[in-house]
Structure formats: C-alpha cells, structure tokens
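S.K.: Below is the structure I would like to discuss, written out as structure tokens.
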Amino acid sequence: MSEEDKDEQFYRDTESIARPKLDDRQLALLEPLGKRRTLQRGEFIFKAGQRDLGLTVILRGETEVFEAREGTEQILATGRERDFIGDVAMLQGTSALATARVKSEEAEILEVPAAEIRRALAELPGLGRPIVDALIMRRRRLMRDREFAGLRIIALRDSREGHQLDDFLDKNRIPHRLIEFESEPGQALCQRLHLTSRDLPTLVTATGAPLRRPSLREVAQVAGLLRPVADEGESEIRCDLTIVGAGPAGLAAAVYAASEGLKTVVLESYAPGGQAGSSSLIENFFGFPTGINGGDLTYRAQLQAYRFGAKFSTPSQALSLDYHDGEEYRASLQVEGCLSTLRAKCLLIATGADYRRLDANRREEFEGSGVYYAATAFEGQLCRRQTVIVAGGGNSAGQAAMFLSEGAAKVLLLIRGGDDLSKSMSSYLARRVQTCENIELLFHTEIRKMSGNKMLEAVELENMQTRERRVVETPAVFSMIGAKPCTDWLPPQIERDEKGFIKTGHAVAQAPAWKESKRPPGPLETSCPGIFAAGDVRSGSVKRCAAAVGEGGMAVAGVHEALGTFA
C-alpha cells in the first residue's frame with residue numbers, strides 16, 4: 001500500500017472519532033459551564049497563536065477553521081450544528097495552530113472556558129472520553145497532514161541548531177515543518193521574509209512572523225509550552241506537589257496527584273517522556289500485547305495529567321532547592337528563567353539520568369549531527385538504506401537496533417562486554433536481535449574516532465581483544481551506554497549513594513531530619529521528609545518503564561501521608 005493510500009485510509013478510519021456530534025445530554029452538561037454568543041459572517045472565534053482556549057460548541061450556523069499561509073487560506077475543517085472546535089492545545093493551554101471564524105450569515109456558539117472544560121472532562125461521566133479522543137485524533141491528523149504547515153523552521157541543510165529545534169518541537173508533539181534553506185521552497189520563503197543565511201535557523205510562527213535564531217525557550221514561548229511558574233506580578237507560586245521531571249515516573253505521579261485533588265506543577269527541562277519517550281517500541285509494557293511507541297505512551301500520559309488539572313512548564317529546569325523543615329511549604333525551588341520562587345508542600349524528584357557520552361575522538365563535534373541518544377522516526381529518516389551503529393548492550397540498545405533495522409541497510413550493534421547478550425538484555429529482545437538478518441553483533445568493540453566535515457561520515461572501531469581496528473562509513477551513531485543521575489542541583493541534605501543516585505526509605509532512616517520525626521520515611525521518601533524520589537534517579541530502582549510508572553503512583557501515596565490527606 002502506497003503512503004497516499006495509507007493516508008487516505010487513516011483519514012477515512014478516523015473520521016467518526018475526530019468529528020463526533022454532541023448529543024442532547026452532553027449539550028445539557030456543557031450549557032451551564034459556558035456562555036452563548038451570536039456572531040456574524042467573517043467574525044473570528046479565535047486566531048492562530050492565542051492561548052488558553054476553551055471549547056467552542058456550534059449551536060447554530062456554520063464555521064470553518066483555516067491556516068493562513070503566504071496570502072492563501074488552507075481550510076482544515078468545517079463545523080456545523082452540534083460540532084465542537086478544538087484540538088489538544090485546548091487541554092494543554094498551548095497556542096492555537098489555526099484560526100476559526102463564522103462561515104454562514106450568522107452563527108450561535110457556546111464558549112466554555114478552558115478551566116471549566118478541563119474540570120468537566122475529568123468529572124462528568126460520558127463527556128470526557130468522546131471529546132478527548134476527538135482532540136487527540138485531530139492532533140494526529142494535523143501531524144500527518146502534508147498540506148498543514150504549522151510552525152515552520154528554516155535552516156541550513158547541515159545546521160545542528162535547526163535540527164535541535166526540529167527535534168524539540170517533534171518530541172513535544174507540536175505540528176511543524178523543517179524547510180531547508182537550499183530548497184526551492186526555502187529560498188522562496190526567505191526571499192519573502194527578507195532572510196539571509198545569517199538569520200538562520202528562523203522560526204516562522206503561526207501568524208507568519210519570523211523569529212530569527214531563536215533559543216529553545218523562545219520557541220517554547222511561541223508554541224505555548226513554556227508556562228509562567230507564577231502569575232504576573234506574583235513573587236512566588238504555592239502548590240501541594242511540585243514534580244521535577246516528566247519521564248514515566250513524573251507523568252504517573254502527575255496523573256495520580258492531579259486526579260486526587262492535589263495542586264500539581266510539573267517542570268520539564270526538554271520534552272516529556274524521558275528515555276522511555278525516545279523508545280521506538282516498548283514491547284513488554286503491561287497491557288499492550290503488540291507493544292507501544294514510547295512517545296505515544298508518555299504523550300497520552302501527559303494529556304491525561306492535563307485533563308485532571310496538572311500544570312506543565314517546558315523547558316523549565318530547577319536550578320536549586322531549599323528545604324525548610326517544619327514549615328508547611330517545605331520546598332522552595334529556583335527555576336531557570338523565572339524570577340519567581342516555586343514553593344511546594346511536597347516535592348517529587350523524577351529527573352532521571354543523563355546519557356553517558358562515548359569516549360571517542362571528535363565525538364562532541366557531531367552531537368546532533370551524527371551522534372544521537374534516541375532512535376525515533378526523526379532519526380531513522382536520516383539514515384535510511386545506510387549502515388548505522390548502535391553502541392550498548394541493554395534493552396534501549398536492542399530496541400533501537402530493531403527499529404533501525406527496518407530502514408537501514410545494516411545495523412552494527414557494538415557491545416563492550418562478552419558474547420552473552422542475554423545477560424544485559426531481556427531474553428525476548430536478545431533473541432530477536434540475534435536472529436535479525438541485517439543486525440551484526442560486534443562484541444568487545446568500542447568506537448575510537450569519528451570523522452566528517454559538518455556531518456558524521458565515518459567511525460573507527462577497535463576490537464578490545466585483538467586490538468584490530470577498522471573504519472566504517474556511517475552517517476549515524478546511536479549511543480545507548482547508560483546514564484548518570486541528574487542530581488547535581490540538589491542540596492547536601494538529600495543523601496545520595498556513591499554513584500549519585502538518591503537514597504530513599506530504610507536507607508535514610510538515620511538521617512538527622514528523620515531522627516526527630518514522629519513517623520518513619522516512606523519507601524520513596526528521601527532524607528528530607530516530604531521530598532520524594534522516583535524512577536531512574538532513585539538508588540536501587542528497577543530501570544524499566546513500568547517500574548517507574550509504579551513508583552510515580554507510590555510516591556503520590558506517600559505525599560498524601562505526608563500531607564495528612566486521604567491515601
């Protein structure tokens with residue numbers, strides 16, 4: 001089946017999910033939450049770039065949603081009676097990707113504010129599922145729509161900065177296009193916007209305005225991902241639970257905490273999902289017999305947390321932590337780029353671990369332009385029908401090798417250790433890797449040198465037993481050799497083991513703060529009461545996605561105990 005046929009079938013199969021009609025009962029539930037408005041032909045309901053949009057229900061008349069681009073309008077959808085307008089930006093509070101207006105002579109609409117619709121989706125039975133399913137499906141369709149541009153990045157073909165912006169928006173599920181400066185569309189767009197190569201990379205916003213050489217934070221502000229930690233004019237914000245890190249543990253905690261009524265704020269430094277979010281296929285996750293893409297799993301978890309009222313800010317990094325024993329708000333965090341202080345009654349540290357770097361000559365020159373730490377569809381497109389290298393012997397390396405083998409001519413899997421792959425990799429995955437025809441296992445092998453101009457072109461490999469070296473031409477090396485915990489920002493009161501992972505439970509029972517406490521530390525509680533650790537950052541944790549999810553849920557139970565609320 002051709003790609004065009006697949007797209008046609010996708011749109012046909014998902015039409016009923018993406019465009020459900022609201023019935024009388026659902027309309028009756030929404031009516032008291034919103035306000036009716038009567039609009040005339042051509043009046044705007046909302047414009048591209050607006051944030052914190054609520055749900056718009058069409059009661060009478062006809063509307064249309066369109067994308068304005070280079071003086072033309074691309075019609076995306078037409079709405080009629082009992083339809084509703086919106087996609088997941090409504091749940092997330094991110095920027096609207098398109099503009100909606102009245103198409104008929106007159107229309108009557110019901111506008112439900114963002115806060116009210118999020119509460120309704122969480123609390124009103126029979127209303128949440130069809131609306132949320134439709135919002136998710138609409139975003140998926142926009143991501144696949146070749147005619148929809150969304151945000152646009154103009155970059156030089158070999159630009160590391162351009163590819164980073166592309167990766168950032170991709171991992172945060174923001175529809176966008178990467179346009180090469182050297183291409184005909186790139187030249188035409190640059191001429192229209194009066195851009196030269198010195199202005200690149202440039203982000204073209206939904207309103208058509210160019211943002212020259214933007215930082216990640218500026219891109220996040222345009223997309224609506226970067227939310228203010230405190231309201232304008234406030235010196236601090238207070239919450240029940242702050243979660244630092246939106247990997248599986250942090251996302252699970254956000255879902256449970258927000259759904260149980262805790263005021264929850266989540267800080268994420270790059271994109272939700274952590275290492276699991278970069279996995280092309282998790283085959284041993286409970287409840288998914290055919291596996292699930294790690295990005296899809298964690299994206300759904302984030303939307304679930306949004307639905308229950310959790311607040312996210314990306315990219316936001318906690319720079320420091322002050323602990324105040326005996327106070328109601330025990331944790332005070334200074335957040336990157338924010339002049340306000342975030343104060344929390346409880347804190348969950350779910351920062352995971354940073355990828356370890358290969359010890360290879362010139363490796364740092366090719367970070368993002370040949371050396372990668374995730375094997376997703378984005379990276380896979382860069383090395384189709386070529387030889388690629390995966391370094392590592394664990395599950396992440398095995399999953400990456402299997403995924404890349406589908407498009408690469410050959411995958412070389414480099415393992416520093418001995419000849420038994422099953423010692424470091426799940427047996428089912430090891431068997432699959434060993435029987436894949438275009439995966440070659442190279443034991444006792446390391447990368448010594450990398451070479452290329454602006455992009456990676458070749459690497460030099462060495463067999464540590466024979467000392468034999470050889471050069472392999474490749475555009476991509478995927479490093480899956482482990483990680484170190486992200487704990488450098490923590491104060492010394494948070495006890496850590498010899499490798500820097502955070503101690504919890506019985507291991508901190510003799511910490512000064514616990515000796516004076518009337519209760520023992522919970523299983524995931526750190527040396528400071530009310531501060532928890534979950535997932536890969538925790539000492540002794542099981543490095544599995546399902547285990548991290550479980551720890552996130554357990555941590556919230558501990559939070560309730562620390563706060564004296566229901567468990």
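By order in the structure tokens, chains are A, B, ...; within a chain, residues start at 1; ligands start at 1, following the order shown.
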Can you list, as a list in words, every protein, DNA or RNA residue that comes within 9 Å of stretch 32-45 of chain A when you count only C-alpha atoms, leaving out same-chain residues fewer than 3 positions away?

M.R.: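 The filter keeps Ala28, Leu29, Leu55, Thr56, Leu59, Thr63, Thr99, Ala100, Arg101, Val102, Lys103, Ser104, Glu105, Glu106, Ala107, Glu108, Ile109, Leu110, Glu111, Val112, Pro113, Glu116, Ile117 and Ala120 of chain A.
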
S.K.: Let me see the file: selected residues, C-alpha atoms, as a PDB file, in the first residue's frame.

M.R.:
```pdb
ATOM      1  CA  ALA A  28     -27.099  19.928  28.643  1.00  0.00           C
ATOM      2  CA  LEU A  29     -23.979  19.216  30.725  1.00  0.00           C
ATOM      3  CA  LEU A  55     -14.195  24.581  23.948  1.00  0.00           C
ATOM      4  CA  THR A  56     -16.425  26.122  21.274  1.00  0.00           C
ATOM      5  CA  LEU A  59     -25.350  25.534  18.302  1.00  0.00           C
ATOM      6  CA  THR A  63     -17.932  27.727  10.988  1.00  0.00           C
ATOM      7  CA  THR A  99      -7.861  30.419  13.049  1.00  0.00           C
ATOM      8  CA  ALA A 100     -11.619  29.820  13.365  1.00  0.00           C
ATOM      9  CA  ARG A 101     -14.371  32.086  12.009  1.00  0.00           C
ATOM     10  CA  VAL A 102     -18.045  32.095  11.126  1.00  0.00           C
ATOM     11  CA  LYS A 103     -18.818  30.886   7.590  1.00  0.00           C
ATOM     12  CA  SER A 104     -22.632  31.242   7.478  1.00  0.00           C
ATOM     13  CA  GLU A 105     -24.551  34.509   7.603  1.00  0.00           C
ATOM     14  CA  GLU A 106     -24.983  34.068  11.331  1.00  0.00           C
ATOM     15  CA  ALA A 107     -23.949  31.510  13.924  1.00  0.00           C
ATOM     16  CA  GLU A 108     -24.644  30.861  17.580  1.00  0.00           C
ATOM     17  CA  ILE A 109     -21.927  29.256  19.649  1.00  0.00           C
ATOM     18  CA  LEU A 110     -21.385  28.128  23.230  1.00  0.00           C
ATOM     19  CA  GLU A 111     -17.971  29.072  24.627  1.00  0.00           C
ATOM     20  CA  VAL A 112     -16.813  27.019  27.618  1.00  0.00           C
ATOM     21  CA  PRO A 113     -13.688  28.490  29.338  1.00  0.00           C
ATOM     22  CA  GLU A 116     -14.317  24.765  33.131  1.00  0.00           C
ATOM     23  CA  ILE A 117     -13.914  22.312  30.258  1.00  0.00           C
ATOM     24  CA  ALA A 120     -15.836  18.862  33.141  1.00  0.00           C
TER      25      ALA A 120
END
```

S.K.: For the contact check between stretch 227-303 of chain A and stretch 397-401 of chain A, emit one row per residue of stretch 227-303 of chain A within 9 Å, containing the shortest atom pair and the distance in Å rounded to one decimal, counting only C-alpha atoms, chain then rising number order, as a Markdown table.

M.R.:
```
| residue | atom | partner | partner_atom | distance |
| --- | --- | --- | --- | --- |
| A:Ser279 | CA | A:Gln399 | CA | 7.1 |
| A:Ser280 | CA | A:Ala400 | CA | 6.9 |
| A:Leu281 | CA | A:Gln399 | CA | 6.7 |
| A:Ile282 | CA | A:Gln399 | CA | 7.7 |
| A:Glu283 | CA | A:Gln399 | CA | 9.0 |
```

S.K.: List the spatial neighbours of A:Thr376 as a PDB file with C-alpha atoms, in the first residue's frame - criterion: any atom at most 9 Å away, only C-alpha atoms, same-chain residues fewer than 3 positions off excluded.

M.R.:
```
ATOM      1  CA  SER A 278      12.588   8.122  22.916  1.00  0.00           C
ATOM      2  CA  SER A 279      11.924   4.396  22.608  1.00  0.00           C
ATOM      3  CA  SER A 280      10.555   3.394  19.209  1.00  0.00           C
ATOM      4  CA  GLY A 295       6.485   8.662  22.728  1.00  0.00           C
ATOM      5  CA  GLU A 379      16.490   9.974  13.454  1.00  0.00           C
ATOM      6  CA  GLY A 380      15.537   6.913  11.410  1.00  0.00           C
ATOM      7  CA  GLN A 381      14.834   9.068   8.350  1.00  0.00           C
ATOM      8  CA  ALA A 400      16.979   0.930  18.861  1.00  0.00           C
ATOM      9  CA  PHE A 403      13.757  -0.225  14.985  1.00  0.00           C
ATOM     10  CA  LEU A 404      16.627   0.997  12.810  1.00  0.00           C
TER      11      LEU A 404
END
```

S.K.: Which one is closest to A:Pro475: A:Leu297, A:Cys383, A:Ile447, A:Ala557? Count only C-alpha atoms.

M.R.: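 Ranking A:Leu297, A:Cys383, A:Ile447, A:Ala557 by distance to A:Pro475, first place goes to A:Cys383.
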
S.K.: Using only C-alpha atoms, which residues sit within 12 Å of A:Pro492 once same-chain residues fewer than 4 positions away are excluded, as a list in words?

M.R.: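 Close residues of A:Pro492: Ser320, Leu321, Asp322, Tyr323, Thr487, Asp488, Arg496, Asp497, Gly500, Ile502, Ala511, Thr526, Ser527 and Cys528 of chain A.
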
S.K.: Using only C-alpha atoms, which protein or nucleic acid residues come within 9 Å of A:Ala476? Drop anything in the same chain fewer than 6 positions from it, and give the result as a PyMOL selection string.

M.R.: chain A and resi 369-372+379+382-383+387-390+456-458

S.K.: Go ahead and save the residues from that selection, with C-alpha atoms, as an mmCIF file, in the first residue's frame.

M.R.:
```
data_model
loop_
_atom_site.group_PDB
_atom_site.id
_atom_site.type_symbol
_atom_site.label_atom_id
_atom_site.label_comp_id
_atom_site.auth_asym_id
_atom_site.auth_seq_id
_atom_site.Cartn_x
_atom_site.Cartn_y
_atom_site.Cartn_z
ATOM 1 C CA SER A 369 24.681 15.833 13.519
ATOM 2 C CA GLY A 370 25.605 12.167 13.584
ATOM 3 C CA VAL A 371 25.657 11.180 17.265
ATOM 4 C CA TYR A 372 22.205 10.561 18.739
ATOM 5 C CA GLU A 379 16.490 9.974 13.454
ATOM 6 C CA LEU A 382 18.373 10.426 8.476
ATOM 7 C CA CYS A 383 19.988 7.045 7.838
ATOM 8 C CA THR A 387 24.939 1.396 7.653
ATOM 9 C CA VAL A 388 24.302 2.675 11.177
ATOM 10 C CA ILE A 389 25.914 1.921 14.515
ATOM 11 C CA VAL A 390 24.279 1.331 17.888
ATOM 12 C CA LEU A 456 29.370 12.439 10.648
ATOM 13 C CA GLU A 457 30.779 10.397 7.763
ATOM 14 C CA ALA A 458 32.810 7.552 9.319
#
```

S.K.: Contacts of A:Leu203 at 8 Å or less, counting only C-alpha atoms, minus same-chain residues fewer than 4 places along, as a VMD selection string?

M.R.: chain A and resid 151 to 154 210 to 214 219

S.K.: Could you check the closest approach to A:Val556 for each of A:Ala249, A:Leu442, A:Met455, A:Leu339 and tell me which residue wins, using only C-alpha atoms?

M.R.: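 So, comparing all the options, the nearest one is A:Ala249.
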